[in-house]
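As structure tokens, the structure follows; a few thoughts come after it.
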Amino acid sequence: MKKPAVFHLYLSLLCLGWGTFIPVKSMAGVPVMSCVDNGLYYQEIMPDGSIRHVIEKNVVVLNQKFMPIPAHADQKTLEKLTRENKKIEQANQSRLKSVKEFEKFFNGSSVNGTKNSLGEPVFFKFNIIEEKVENTACIQTSKALSRKYALPSARTTPSGNKVMVYAAIMTTLSANGEMGKAQGNIIYQVSAKAPEGTLSHELGHALYLMDSYGFSSNEFGDGLMGAQPKPITPQEVEQIILKCLKRDK
């Protein structure tokens, strides 16, 4: 197998004092470098012996539980609850379908992913998990599930506990008139009037990207975090990786 080359970007980070991660070995022998809770960063060896960067994060879609149908329900009650559950199922499926845009806006609809500014491949691996709950707009439930579905990183706290990479939670919380909203890993309901890519934009916030136009060529931005979301730019990709590699102060 071809020996993987060391990527220049991360050599530069080490020289600049960004090398504040704790590397471990994956089963494939590739160094894994973890982060706090925006996303789990590591490298993997491709079939041709090359390396690609990976940012992994669990994304939990909160869907509504079905209304229980009593064992001895009369025909009228049975028909009513069946109709209600059909509506619930349609709404649930719609939320699950909405996450398909992540591939377009993070990976450019490519099985190989996007690229950083050096032209190196970067793949965003989002593990979509459906969780059926009583209340899809409950902050307490969302925070608990963010911890439940957290990914363990290679980092440890001073007390020896694993640093966990919290899951992003898609809720039906109201964004109060905004096109979309995210607070930490909690993603609010995206407006029906929002442009395509708004959900990906909000997930960008869960990966610690800001509504910044510093990488853009115009006032409104031309990347994922612009006012009109577009596929993620190489500079935005690197901001996510830098936040993964930087030690939490």
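Following the order of the structure tokens, chains are lettered A, B, ..., residues in each are numbered from 1, and ligands are numbered from 1.
Of all the residues in range 163-226 of chain A, the ones DSSP labels as strand (DSSP E) from the backbone are Val163, Met164, Val165, Ala168, Ile169, Met170, Ala182, Gln183, Ile186 and Ile187 of chain A.
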Could you give me, as a ChimeraX atom specification, the residues within 12 Å of Asn176 in chain A, counting only C-alpha atoms and dropping anything in the same chain fewer than 3 positions from it? /A:172-173,179-182,188-191
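The smallest atom-to-atom distance between Lys125 in chain A and any of A:Gly39, A:Pro229, A:Gly223, A:Gly160, using only C-alpha atoms, is found for A:Gly39.
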Excluding range 142-153 of chain A and its own-chain neighbours fewer than 4 positions away, which residues fall within 10 Å of it when counting only C-alpha atoms? Please give them as a VMD selection string. chain A and resid 22 24 32 to 37 39 to 41 56 to 62 129 131 133 135 to 138 161 to 171 184 to 187
Expected file contents, prior selection, N, CA and C atoms, as a short mmCIF file (atom, residue, chain, number, x, y, z; two decimals), in the first residue's frame:
```cif
data_model
loop_
_atom_site.label_atom_id
_atom_site.label_comp_id
_atom_site.auth_asym_id
_atom_site.auth_seq_id
_atom_site.Cartn_x
_atom_site.Cartn_y
_atom_site.Cartn_z
N ILE A 22 -4.68 15.47 20.80
CA ILE A 22 -4.05 14.24 21.24
C ILE A 22 -4.32 13.18 20.19
N VAL A 24 -4.52 9.56 18.38
CA VAL A 24 -4.60 8.15 18.71
C VAL A 24 -4.58 7.39 17.40
N VAL A 32 -6.01 9.87 14.53
CA VAL A 32 -7.33 10.46 14.75
C VAL A 32 -7.16 11.64 15.68
N MET A 33 -7.69 12.81 15.29
CA MET A 33 -7.54 14.00 16.10
C MET A 33 -8.93 14.51 16.47
N SER A 34 -9.21 14.63 17.73
CA SER A 34 -10.57 14.91 18.16
C SER A 34 -10.78 16.37 18.49
N CYS A 35 -12.03 16.73 18.71
CA CYS A 35 -12.37 18.10 19.04
C CYS A 35 -13.28 18.13 20.25
N VAL A 36 -13.81 19.29 20.56
CA VAL A 36 -14.64 19.43 21.75
C VAL A 36 -16.05 18.93 21.47
N ASP A 37 -16.88 19.70 20.79
CA ASP A 37 -18.21 19.18 20.52
C ASP A 37 -18.81 19.71 19.23
N GLY A 39 -17.56 18.75 15.98
CA GLY A 39 -17.52 17.62 15.07
C GLY A 39 -16.28 16.80 15.34
N LEU A 40 -16.32 15.52 15.04
CA LEU A 40 -15.18 14.64 15.25
C LEU A 40 -14.34 14.62 13.98
N TYR A 41 -13.08 15.03 14.09
CA TYR A 41 -12.20 15.10 12.93
C TYR A 41 -11.20 13.95 12.94
N GLU A 56 -17.03 14.12 11.28
CA GLU A 56 -18.20 13.27 11.56
C GLU A 56 -19.03 13.88 12.68
N LYS A 57 -20.35 13.79 12.52
CA LYS A 57 -21.25 14.30 13.55
C LYS A 57 -22.58 13.55 13.47
N ASN A 58 -23.12 13.20 14.62
CA ASN A 58 -24.46 12.62 14.66
C ASN A 58 -25.49 13.74 14.58
N VAL A 59 -26.52 13.51 13.77
CA VAL A 59 -27.62 14.47 13.64
C VAL A 59 -28.91 13.72 13.96
N VAL A 60 -29.58 14.14 15.02
CA VAL A 60 -30.80 13.48 15.47
C VAL A 60 -32.02 14.27 14.99
N VAL A 61 -32.90 13.60 14.25
CA VAL A 61 -34.13 14.22 13.78
C VAL A 61 -35.24 13.83 14.75
N LEU A 62 -35.80 14.83 15.44
CA LEU A 62 -36.90 14.55 16.36
C LEU A 62 -38.20 14.42 15.57
N ILE A 129 -30.06 10.10 12.62
CA ILE A 129 -30.75 9.23 13.58
C ILE A 129 -32.16 9.76 13.80
N GLU A 131 -35.39 9.90 16.05
CA GLU A 131 -35.81 9.66 17.43
C GLU A 131 -37.25 10.13 17.58
N VAL A 133 -40.40 11.09 19.68
CA VAL A 133 -40.62 11.62 21.03
C VAL A 133 -42.05 12.16 21.15
N ASN A 135 -42.75 15.18 22.43
CA ASN A 135 -42.72 16.62 22.14
C ASN A 135 -41.46 16.95 21.35
N THR A 136 -41.63 17.30 20.07
CA THR A 136 -40.48 17.58 19.20
C THR A 136 -39.96 19.01 19.37
N ALA A 137 -40.54 19.76 20.30
CA ALA A 137 -40.12 21.15 20.53
C ALA A 137 -39.71 21.36 21.98
N CYS A 138 -39.14 20.34 22.59
CA CYS A 138 -38.76 20.42 24.00
C CYS A 138 -37.24 20.59 24.13
N ASN A 161 -12.10 11.76 32.04
CA ASN A 161 -13.30 11.39 31.28
C ASN A 161 -13.13 11.74 29.81
N LYS A 162 -13.81 11.00 28.95
CA LYS A 162 -13.77 11.28 27.52
C LYS A 162 -14.44 12.61 27.21
N VAL A 163 -13.82 13.39 26.31
CA VAL A 163 -14.48 14.58 25.78
C VAL A 163 -15.45 14.10 24.71
N MET A 164 -16.71 14.50 24.82
CA MET A 164 -17.73 14.01 23.91
C MET A 164 -18.08 15.04 22.84
N VAL A 165 -18.39 14.53 21.66
CA VAL A 165 -18.80 15.37 20.54
C VAL A 165 -20.33 15.30 20.47
N TYR A 166 -21.00 16.33 20.97
CA TYR A 166 -22.45 16.29 21.09
C TYR A 166 -23.14 16.23 19.73
N ALA A 167 -24.28 15.57 19.70
CA ALA A 167 -25.06 15.45 18.47
C ALA A 167 -25.85 16.73 18.23
N ALA A 168 -26.06 17.04 16.95
CA ALA A 168 -26.98 18.13 16.59
C ALA A 168 -28.40 17.58 16.64
N ILE A 169 -29.33 18.39 17.11
CA ILE A 169 -30.72 17.95 17.26
C ILE A 169 -31.64 18.83 16.41
N MET A 170 -32.36 18.22 15.48
CA MET A 170 -33.33 18.94 14.65
C MET A 170 -34.69 18.90 15.34
N THR A 171 -35.16 20.06 15.75
CA THR A 171 -36.41 20.16 16.49
C THR A 171 -37.48 20.88 15.66
N GLY A 184 -26.25 26.55 19.79
CA GLY A 184 -25.40 25.41 20.07
C GLY A 184 -25.73 24.28 19.10
N ASN A 185 -26.07 23.13 19.64
CA ASN A 185 -26.41 21.98 18.82
C ASN A 185 -27.91 21.82 18.60
N ILE A 186 -28.70 22.77 19.07
CA ILE A 186 -30.15 22.72 18.91
C ILE A 186 -30.55 23.51 17.67
N ILE A 187 -31.14 22.83 16.68
CA ILE A 187 -31.55 23.47 15.44
C ILE A 187 -33.07 23.64 15.45
#
```
